[in-house]
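The file model24.pdb contains PDB, C-alpha atoms:
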ATOM      1  CA  THR A 472      78.062 -61.648 114.764
ATOM      2  CA  LYS A 473      76.229 -58.998 112.813
ATOM      3  CA  ILE A 474      77.942 -55.639 112.484
ATOM      4  CA  ALA A 475      75.645 -52.623 112.671
ATOM      5  CA  ASN A 476      75.591 -50.290 109.710
ATOM      6  CA  ALA A 477      74.303 -46.735 109.394
ATOM      7  CA  ALA A 478      70.771 -47.932 108.556
ATOM      8  CA  ASP A 479      70.672 -50.106 111.692
ATOM      9  CA  LEU A 480      71.794 -47.169 113.799
ATOM     10  CA  LYS A 481      69.202 -44.886 112.248
ATOM     11  CA  LEU A 482      66.467 -47.419 113.059
ATOM     12  CA  LEU A 483      67.778 -47.705 116.613
ATOM     13  CA  PHE A 484      67.539 -43.948 117.097
ATOM     14  CA  LEU A 485      64.080 -43.745 115.524
ATOM     15  CA  LYS A 486      62.836 -46.514 117.814
ATOM     16  CA  THR A 487      64.437 -44.785 120.785
ATOM     17  CA  PHE A 488      62.652 -41.513 119.936
ATOM     18  CA  ARG A 489      59.330 -43.347 119.579
ATOM     19  CA  ASN A 490      59.789 -45.252 122.841
ATOM     20  CA  ALA A 491      60.738 -42.087 124.693
ATOM     21  CA  ASP A 492      57.486 -40.523 123.548
ATOM     22  CA  LYS A 493      55.488 -43.678 124.272
ATOM     23  CA  PHE A 494      56.854 -44.089 127.805
ATOM     24  CA  LYS A 495      56.881 -40.330 128.538
ATOM     25  CA  VAL A 496      60.621 -40.102 129.215
ATOM     26  CA  THR A 497      63.334 -37.982 127.647
ATOM     27  CA  PHE A 498      65.340 -39.242 124.687
ATOM     28  CA  ASP A 499      68.440 -39.360 126.916
ATOM     29  CA  GLU A 500      66.671 -41.528 129.497
ATOM     30  CA  GLU A 501      65.462 -43.993 126.875
ATOM     31  CA  PHE A 502      68.817 -44.008 125.081
ATOM     32  CA  HIS A 503      70.590 -44.796 128.350
ATOM     33  CA  ARG A 504      68.159 -47.677 128.935
ATOM     34  CA  VAL A 505      68.816 -49.022 125.418
ATOM     35  CA  MET A 506      72.576 -48.841 125.939
ATOM     36  CA  ILE A 507      72.379 -50.564 129.332
ATOM     37  CA  HIS A 508      70.038 -53.186 127.847
ATOM     38  CA  GLY A 509      72.627 -53.940 125.151
ATOM     39  CA  ILE A 510      75.431 -54.138 127.705
ATOM     40  CA  LEU A 511      73.385 -56.593 129.763
ATOM     41  CA  HIS A 512      72.967 -58.778 126.661
ATOM     42  CA  LEU A 513      76.744 -58.669 126.154
ATOM     43  CA  CYS A 514      77.119 -59.800 129.781
ATOM     44  CA  GLY A 515      74.958 -62.844 129.051
ATOM     45  CA  TYR A 516      71.520 -61.724 130.246
ATOM     46  CA  LYS A 517      68.547 -62.843 128.175
ATOM     47  CA  ASP A 518      65.016 -61.442 127.893
ATOM     48  CA  LYS A 519      63.143 -64.146 125.988
ATOM     49  CA  THR A 520      61.130 -65.489 128.941
ATOM     50  CA  LYS A 521      58.993 -63.434 131.295
ATOM     51  CA  ALA A 522      61.282 -64.245 134.241
ATOM     52  CA  ASP A 523      64.414 -63.304 132.278
ATOM     53  CA  ALA A 524      62.801 -60.067 131.046
ATOM     54  CA  GLU A 525      61.820 -59.121 134.610
ATOM     55  CA  LEU A 526      65.366 -59.764 135.854
ATOM     56  CA  MET A 527      66.797 -57.734 132.986
ATOM     57  CA  ARG A 528      64.421 -54.829 133.715
ATOM     58  CA  LYS A 529      65.500 -54.887 137.383
ATOM     59  CA  LYS A 530      69.157 -54.768 136.297
ATOM     60  CA  GLU A 531      68.406 -51.914 133.868
ATOM     61  CA  ASN A 532      66.619 -49.921 136.569
ATOM     62  CA  ALA A 533      69.402 -50.521 139.080
ATOM     63  CA  SER A 534      72.011 -49.361 136.556
ATOM     64  CA  LEU A 535      69.965 -46.307 135.545
ATOM     65  CA  ASN A 536      69.472 -45.340 139.191
ATOM     66  CA  TYR A 537      73.178 -45.790 139.895
ATOM     67  CA  PHE A 538      74.188 -43.395 137.136
ATOM     68  CA  LYS A 539      71.340 -40.986 137.836
ATOM     69  CA  ASN A 540      72.118 -40.764 141.553
ATOM     70  CA  SER A 541      75.891 -40.750 141.270
ATOM     71  CA  LYS A 542      78.228 -37.972 140.340
ATOM     72  CA  LEU A 543      79.525 -40.034 137.442
ATOM     73  CA  GLN A 544      78.696 -37.910 134.445
ATOM     74  CA  ARG A 545      81.227 -39.485 132.085
ATOM     75  CA  PHE A 546      78.670 -42.104 131.022
ATOM     76  CA  LYS A 547      76.222 -39.445 129.912
ATOM     77  CA  VAL A 548      78.892 -37.364 128.188
ATOM     78  CA  LEU A 549      80.207 -40.444 126.380
ATOM     79  CA  LEU A 550      76.723 -41.329 125.135
ATOM     80  CA  ASN A 551      76.102 -37.763 124.011
ATOM     81  CA  GLU A 552      79.430 -37.688 122.156
ATOM     82  CA  ASN A 553      78.552 -40.958 120.438
ATOM     83  CA  PHE A 554      75.134 -39.601 119.490
ATOM     84  CA  ILE A 555      76.743 -36.527 117.944
ATOM     85  CA  PHE A 556      79.160 -38.768 116.054
ATOM     86  CA  LEU A 557      76.396 -41.103 114.845
ATOM     87  CA  GLU A 558      74.092 -38.228 113.977
ATOM     88  CA  LYS A 559      76.432 -37.279 111.134
ATOM     89  CA  PHE A 560      75.617 -40.544 109.364
ATOM     90  CA  MET A 561      71.832 -40.165 109.430
TER
END
Could you rewrite the structure in this file as structure tokens?
Amino acid sequence: TKIANAADLKLLFLKTFRNADKFKVTFDEEFHRVMIHGILHLCGYKDKTKADAELMRKKENASLNYFKNSKLQRFKVLLNENFIFLEKFM
């Protein structure tokens, strides 16, 4: 298993900024999608085939809608705290 270093994290954030602009969403929205996408990979979901990618996108959207429509703000606060922590290394 590869361990992420500061350069990997910087690239992740740069890509997230670019994708947010490309898809016309906020950085937070795209960052949440990236985090959920990674969690889905950890849960065993793949995105190599078209069918797998479509299923993963459905799971991402369902998760994003759950957090967006719920009163659970801890997820967002946790991500923002991690961003602040990681920002110091960029």
key: Nearest to A:Asp499, chosen from A:Cys514, A:Asn540, A:Leu482, A:Leu535, with only C-alpha atoms counted in the distances   =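 Result for the nearest residue to A:Asp499: A:Leu535.
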key: Output check: residues returned by the PyMOL selection byres ((chain A and resi 512) around 12), as a list in words   =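 Residues picked by the PyMOL selection byres ((chain A and resi 512) around 12): Val505, Met506, Ile507, His508, Gly509, Ile510, Leu511, Leu513, Cys514, Gly515, Tyr516, Lys517, Asp518, Lys519, Asp523, Ala524, Leu526, Met527, Arg528, Lys530 and Glu531 of chain A.
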Box for stretch 483-486 of chain A - axis-aligned, 3 Å on each of the six sides, all listed atoms - centre and size in Å to one decimal, as AutoDock Vina command-line options.
--center_x 65.3 --center_y -45.7 --center_z 116.7 --size_x 10.9 --size_y 10.0 --size_z 8.3
query = Which value, in Å to one decimal, gives the distance between atom CA of A:Lys539 and atom CA of A:Thr497?
reply = 13.3 Å
